[in-house]
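Coordinates from entry_16.tsv are shown below (TSV, C-alpha atoms).
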```
chain	number	residue	atom	x	y	z
I	1	MET	CA	0.00	0.00	0.00
I	2	ALA	CA	1.37	3.41	-0.96
I	3	PRO	CA	1.53	6.16	1.66
I	4	GLN	CA	-1.24	8.74	1.65
I	5	PRO	CA	-0.24	12.36	1.07
I	6	LEU	CA	0.25	14.28	4.28
I	7	PRO	CA	-1.35	17.69	4.87
I	8	CYS	CA	0.74	20.05	2.79
I	9	THR	CA	0.34	23.28	0.89
I	10	ARG	CA	3.14	22.73	-1.62
I	11	PRO	CA	2.22	24.65	-4.77
I	12	THR	CA	2.06	23.00	-8.19
I	13	ARG	CA	3.44	25.85	-10.31
I	14	ALA	CA	7.12	25.09	-10.99
I	15	ASP	CA	8.67	28.38	-9.84
I	16	ALA	CA	6.46	28.56	-6.75
I	17	ALA	CA	7.26	24.91	-5.93
I	18	ARG	CA	11.00	25.62	-6.21
I	19	ASN	CA	10.71	28.53	-3.78
I	20	TYR	CA	8.63	26.41	-1.43
I	21	ASP	CA	11.23	23.62	-1.46
I	22	ARG	CA	14.09	26.08	-0.93
I	23	LEU	CA	12.32	27.67	2.02
I	24	VAL	CA	11.45	24.34	3.67
I	25	THR	CA	15.00	23.07	3.20
I	26	ALA	CA	16.47	26.30	4.56
I	27	ALA	CA	14.07	26.22	7.52
I	28	ARG	CA	14.87	22.58	8.31
I	29	GLU	CA	18.62	23.26	8.26
I	30	THR	CA	18.33	26.50	10.24
I	31	PHE	CA	16.05	24.96	12.87
I	32	ALA	CA	18.48	22.03	13.24
I	33	GLU	CA	21.43	24.37	13.71
I	34	HIS	CA	19.91	27.22	15.73
I	35	GLY	CA	16.50	26.08	17.05
I	36	THR	CA	12.94	26.75	15.99
I	37	ASP	CA	13.01	30.36	17.16
I	38	SER	CA	15.47	31.23	14.38
I	39	SER	CA	14.91	34.45	12.45
I	40	LEU	CA	12.59	34.11	9.47
I	41	GLU	CA	14.71	36.73	7.71
I	42	GLU	CA	17.73	34.41	8.08
I	43	ILE	CA	15.72	31.52	6.63
I	44	ALA	CA	14.67	33.65	3.64
I	45	ARG	CA	18.30	34.70	3.07
I	46	ARG	CA	19.45	31.11	3.26
I	47	ALA	CA	16.80	30.09	0.75
I	48	GLY	CA	17.85	32.90	-1.61
I	49	VAL	CA	14.43	34.58	-1.61
I	50	GLY	CA	13.02	37.78	-0.18
I	51	ILE	CA	11.18	37.90	3.11
I	52	GLY	CA	8.02	38.82	1.19
I	53	THR	CA	8.22	35.52	-0.70
I	54	LEU	CA	8.51	33.65	2.59
I	55	TYR	CA	5.45	35.39	4.05
I	56	ARG	CA	3.40	34.83	0.88
I	57	ARG	CA	4.09	31.13	1.13
I	58	PHE	CA	4.10	30.85	4.93
I	59	PRO	CA	2.06	33.59	6.60
I	60	SER	CA	3.22	32.55	10.08
I	61	ARG	CA	6.09	30.77	11.79
I	62	THR	CA	3.66	27.96	12.63
I	63	ALA	CA	2.87	27.44	8.94
I	64	LEU	CA	6.58	27.05	8.22
I	65	LEU	CA	7.01	24.67	11.14
I	66	GLU	CA	4.10	22.60	9.80
I	67	ALA	CA	5.73	22.34	6.37
I	68	VAL	CA	9.05	21.20	7.85
I	69	TYR	CA	7.30	18.69	10.12
I	70	VAL	CA	5.29	17.27	7.21
I	71	GLU	CA	8.42	16.79	5.13
I	72	GLU	CA	10.17	15.00	7.98
I	73	ILE	CA	7.20	12.76	8.78
I	74	GLN	CA	6.76	11.95	5.09
I	75	SER	CA	10.41	10.87	5.02
I	76	VAL	CA	9.84	8.62	8.05
I	77	CYS	CA	6.82	7.03	6.33
I	78	ASP	CA	8.60	6.60	3.01
I	79	ARG	CA	11.44	4.76	4.76
I	80	ALA	CA	8.98	2.10	5.94
I	81	TYR	CA	8.08	1.26	2.35
I	82	ASP	CA	11.75	1.26	1.35
I	83	PHE	CA	12.68	-1.09	4.21
I	84	ASP	CA	9.73	-3.34	3.32
I	85	ARG	CA	11.11	-3.76	-0.21
I	86	GLU	CA	14.74	-4.21	0.84
I	87	LEU	CA	14.78	-6.21	4.10
I	88	GLU	CA	13.34	-9.28	5.75
I	89	PRO	CA	10.23	-8.56	7.89
I	90	PHE	CA	11.82	-8.24	11.35
I	91	ASP	CA	14.85	-6.41	10.02
I	92	ALA	CA	12.56	-3.99	8.17
I	93	LEU	CA	10.56	-3.27	11.34
I	94	ALA	CA	13.73	-2.88	13.42
I	95	ALA	CA	15.33	-0.54	10.88
I	96	TRP	CA	12.20	1.59	10.71
I	97	LEU	CA	11.87	1.84	14.48
I	98	ARG	CA	15.54	2.84	14.67
I	99	SER	CA	14.97	5.55	12.06
I	100	PHE	CA	11.87	6.71	13.92
I	101	LEU	CA	13.88	6.91	17.13
I	102	GLY	CA	16.56	8.95	15.37
I	103	TYR	CA	13.93	11.30	14.00
I	104	GLY	CA	12.45	11.81	17.45
I	105	LEU	CA	15.83	12.51	19.03
I	106	SER	CA	16.61	15.22	16.48
I	107	LYS	CA	13.16	16.82	16.05
I	108	GLY	CA	11.70	16.93	19.54
I	109	THR	CA	11.68	20.73	19.79
I	110	LEU	CA	9.86	21.09	16.48
I	111	ALA	CA	7.11	18.67	17.49
I	112	SER	CA	6.80	20.27	20.93
I	113	GLU	CA	6.39	23.77	19.52
I	114	LEU	CA	3.76	22.61	17.03
I	115	THR	CA	1.90	20.76	19.77
I	116	VAL	CA	1.70	23.97	21.79
I	117	ALA	CA	0.56	25.95	18.72
I	118	LEU	CA	-1.96	23.46	17.31
I	119	GLY	CA	-2.84	21.01	20.08
I	120	LYS	CA	-1.93	17.33	20.01
I	121	ASP	CA	-5.46	16.38	18.83
I	122	SER	CA	-5.50	18.84	15.92
I	123	PRO	CA	-6.50	17.61	12.44
I	124	PHE	CA	-2.90	18.27	11.35
I	125	PHE	CA	-1.42	15.84	13.88
I	126	LYS	CA	-4.21	13.32	13.32
I	127	ALA	CA	-3.43	13.20	9.59
I	128	CYS	CA	0.27	12.74	10.29
I	129	LYS	CA	-0.49	10.01	12.82
I	130	VAL	CA	-2.64	8.07	10.32
I	131	ASN	CA	0.24	7.97	7.84
I	132	VAL	CA	2.73	6.82	10.46
I	133	GLN	CA	0.29	4.14	11.62
I	134	GLU	CA	-0.22	2.83	8.09
I	135	ALA	CA	3.52	2.61	7.52
I	136	GLY	CA	4.20	0.97	10.88
I	137	ASN	CA	1.34	-1.50	10.65
I	138	LEU	CA	2.55	-2.64	7.23
I	139	LEU	CA	5.89	-3.67	8.77
I	140	LEU	CA	4.47	-5.01	12.02
I	141	ASP	CA	1.84	-7.14	10.26
I	142	LYS	CA	4.45	-8.65	7.95
I	143	ALA	CA	6.72	-9.44	10.88
I	144	LYS	CA	3.75	-11.09	12.66
I	145	ALA	CA	2.89	-13.11	9.56
I	146	ALA	CA	6.49	-14.32	9.39
I	147	GLY	CA	6.33	-15.36	13.06
I	148	GLU	CA	9.17	-12.99	13.92
I	149	VAL	CA	7.31	-10.87	16.50
I	150	ARG	CA	4.73	-11.68	19.14
I	151	ALA	CA	1.27	-12.08	17.66
I	152	GLU	CA	-0.44	-9.98	20.36
I	153	LEU	CA	1.62	-6.87	19.67
I	154	ASP	CA	-0.18	-3.65	18.90
I	155	LEU	CA	1.58	-0.86	17.01
I	156	ALA	CA	0.36	1.78	19.47
I	157	ASP	CA	2.16	-0.06	22.29
I	158	VAL	CA	5.35	-0.39	20.28
I	159	MET	CA	5.32	3.29	19.31
I	160	ARG	CA	4.68	4.32	22.90
I	161	LEU	CA	7.74	2.35	23.99
I	162	VAL	CA	9.89	3.98	21.32
I	163	GLY	CA	8.39	7.38	22.09
I	164	GLY	CA	9.20	6.84	25.77
I	165	ILE	CA	12.88	6.51	24.90
I	166	ASN	CA	12.69	9.89	23.17
I	167	MET	CA	11.17	11.44	26.30
I	168	GLY	CA	14.39	11.01	28.27
I	169	ARG	CA	15.99	14.37	29.00
I	170	ASP	CA	19.35	14.84	27.31
I	171	ILE	CA	19.54	11.17	26.39
I	172	GLU	CA	22.57	10.30	24.29
I	173	PRO	CA	21.95	8.52	20.96
I	174	GLU	CA	24.10	5.58	22.08
I	175	GLN	CA	21.97	5.02	25.18
I	176	ALA	CA	18.75	5.53	23.19
I	177	ASN	CA	19.80	2.82	20.75
I	178	ARG	CA	20.71	0.45	23.60
I	179	LEU	CA	17.22	0.95	25.02
I	180	LEU	CA	15.72	0.30	21.60
I	181	ASP	CA	17.69	-2.96	21.39
I	182	ILE	CA	15.97	-4.03	24.61
I	183	VAL	CA	12.57	-3.12	23.12
I	184	LEU	CA	13.35	-5.06	19.95
I	185	CYS	CA	14.25	-8.15	21.99
I	186	GLY	CA	10.91	-7.82	23.77
I	187	LEU	CA	9.03	-7.85	20.46
I	188	ARG	CA	10.32	-11.31	19.61
I	189	PRO	CA	8.27	-14.45	20.35
I	190	ALA	CA	9.44	-16.22	23.51
I	191	ALA	CA	11.34	-18.88	21.54
I	192	ALA	CA	13.29	-16.24	19.63
I	193	ALA	CA	13.83	-13.74	22.44
I	194	ALA	CA	17.26	-15.16	23.26
I	195	SER	CA	18.49	-14.41	19.72
I	196	PRO	CA	20.24	-11.06	19.17
I	197	ALA	CA	18.06	-8.46	17.46
I	198	LYS	CA	19.11	-7.32	14.04
I	199	GLY	CA	18.72	-3.82	12.69
```

Representation of the structure as structure tokens:
Amino acid sequence: MAPQPLPCTRPTRADAARNYDRLVTAARETFAEHGTDSSLEEIARRAGVGIGTLYRRFPSRTALLEAVYVEEIQSVCDRAYDFDRELEPFDALAAWLRSFLGYGLSKGTLASELTVALGKDSPFFKACKVNVQEAGNLLLDKAKAAGEVRAELDLADVMRLVGGINMGRDIEPEQANRLLDIVLCGLRPAAAAASPAKG
């Protein structure tokens, strides 16, 4: 099943789409380097456009944050379909959960700011959540069918465990990945739990 398009206001006209992509890329890089309260003027300069172009496309900081978040979540979802094509079922699930963990470790501030601005139950977050669930369930269901994870597992429980790792204050990536290894071992059926997790 192909991923559904996430909520996005990317224009279809070629020149407008190029400016949109430049602005989102510049915003993503600037937010990663300097935080989400970075100057919009700096983002426009980095994108090579005027501040008026930025405001025409993104009338508020929240709109720009939404666009960056959508692009990042879409990338997380797309990876699930890539891993499904390239890896065995458990390895695909493990690789995707590891990529999801890495996303959460690097983008926590962005998600937190949007949650404050929009509310965690907003239509925007609900649409993003549906896409993540579709991608994750594809991998989890295939791993179940292959007998490589416990049959009673629910994706919401797995994602809560992974999300809990991301909640740790100032957690180092090395420790986060060790914790994920423990989670991955717990996903295995009892007979396979003693085997080292791949991914």

>> Show me the residues close to (12.6, 27.1, 7.3) - anything with an atom within 9 Å, counting all atoms listed in the file - and format the list as a ChimeraX atom specification.
In response: /I:22-31,36,38,40,42-44,46-47,61,64-65,67-68

> Of the candidates I:Leu118, I:Leu101, I:Ala94, I:Val70, which one gets nearest to Glu174 of chain I if we count only C-alpha atoms?
Replying inline: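 Using only C-alpha atoms, the shortest distance to Glu174 of chain I belongs to I:Leu101.
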
> Nearest to Gln74 of chain I: which of I:Asp170, I:Glu152, I:Glu134, I:Glu88 is it, counting all atoms listed in the file?
Replying inline: I:Glu134

>> Rounded to one decimal, what separation in Å do you get between atom CA of Arg150 of chain I and atom CA of Pro189 of chain I?
In response: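 We find that atom CA of Arg150 of chain I and atom CA of Pro189 of chain I lie 4.7 Å from each other.
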
> Rounded to one decimal in Å, what is the spacing between atom CA of Gly147 of chain I and atom CA of Leu87 of chain I?
Replying inline: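 Separation between atom CA of Gly147 of chain I and atom CA of Leu87 of chain I: 15.3 Å.
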
> Looking at I:Glu172, I:Asp15, I:Glu66, I:Asp181, which one is nearest to Thr53 of chain I, with distances taken over all atoms listed in the file?
Replying inline: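 Among the listed residues, the smallest separation from Thr53 of chain I belongs to I:Asp15.
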
> Looking at only C-alpha atoms, which of I:Ala32, I:Thr109, I:Ala135, I:Phe58 is the one that sits closest to Ser75 of chain I?
Replying inline: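 Among the listed residues, I:Ala135 lies closest to Ser75 of chain I.
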
> To one decimal place, how far is atom CA of Ala190 of chain I from atom CA of Ala143 of chain I in Å?
Replying inline: 14.6 Å

Emit a file covering segment 141-173 of chain I of the preceding structure with C-alpha atoms, as a compact mmCIF listing (two decimals), in the first residue's frame.
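Result file follows (result_0.txt):
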```txt
# COMPACT_ATOMS: atom_id res chain seq x y z
CA ASP I 141 1.84 -7.14 10.26
CA LYS I 142 4.45 -8.65 7.95
CA ALA I 143 6.72 -9.44 10.88
CA LYS I 144 3.75 -11.09 12.66
CA ALA I 145 2.89 -13.11 9.56
CA ALA I 146 6.49 -14.32 9.39
CA GLY I 147 6.33 -15.36 13.06
CA GLU I 148 9.17 -12.99 13.92
CA VAL I 149 7.31 -10.87 16.50
CA ARG I 150 4.73 -11.68 19.14
CA ALA I 151 1.27 -12.08 17.66
CA GLU I 152 -0.44 -9.98 20.36
CA LEU I 153 1.62 -6.87 19.67
CA ASP I 154 -0.18 -3.65 18.90
CA LEU I 155 1.58 -0.86 17.01
CA ALA I 156 0.36 1.78 19.47
CA ASP I 157 2.16 -0.06 22.29
CA VAL I 158 5.35 -0.39 20.28
CA MET I 159 5.32 3.29 19.31
CA ARG I 160 4.68 4.32 22.90
CA LEU I 161 7.74 2.35 23.99
CA VAL I 162 9.89 3.98 21.32
CA GLY I 163 8.39 7.38 22.09
CA GLY I 164 9.20 6.84 25.77
CA ILE I 165 12.88 6.51 24.90
CA ASN I 166 12.69 9.89 23.17
CA MET I 167 11.17 11.44 26.30
CA GLY I 168 14.39 11.01 28.27
CA ARG I 169 15.99 14.37 29.00
CA ASP I 170 19.35 14.84 27.31
CA ILE I 171 19.54 11.17 26.39
CA GLU I 172 22.57 10.30 24.29
CA PRO I 173 21.95 8.52 20.96
```
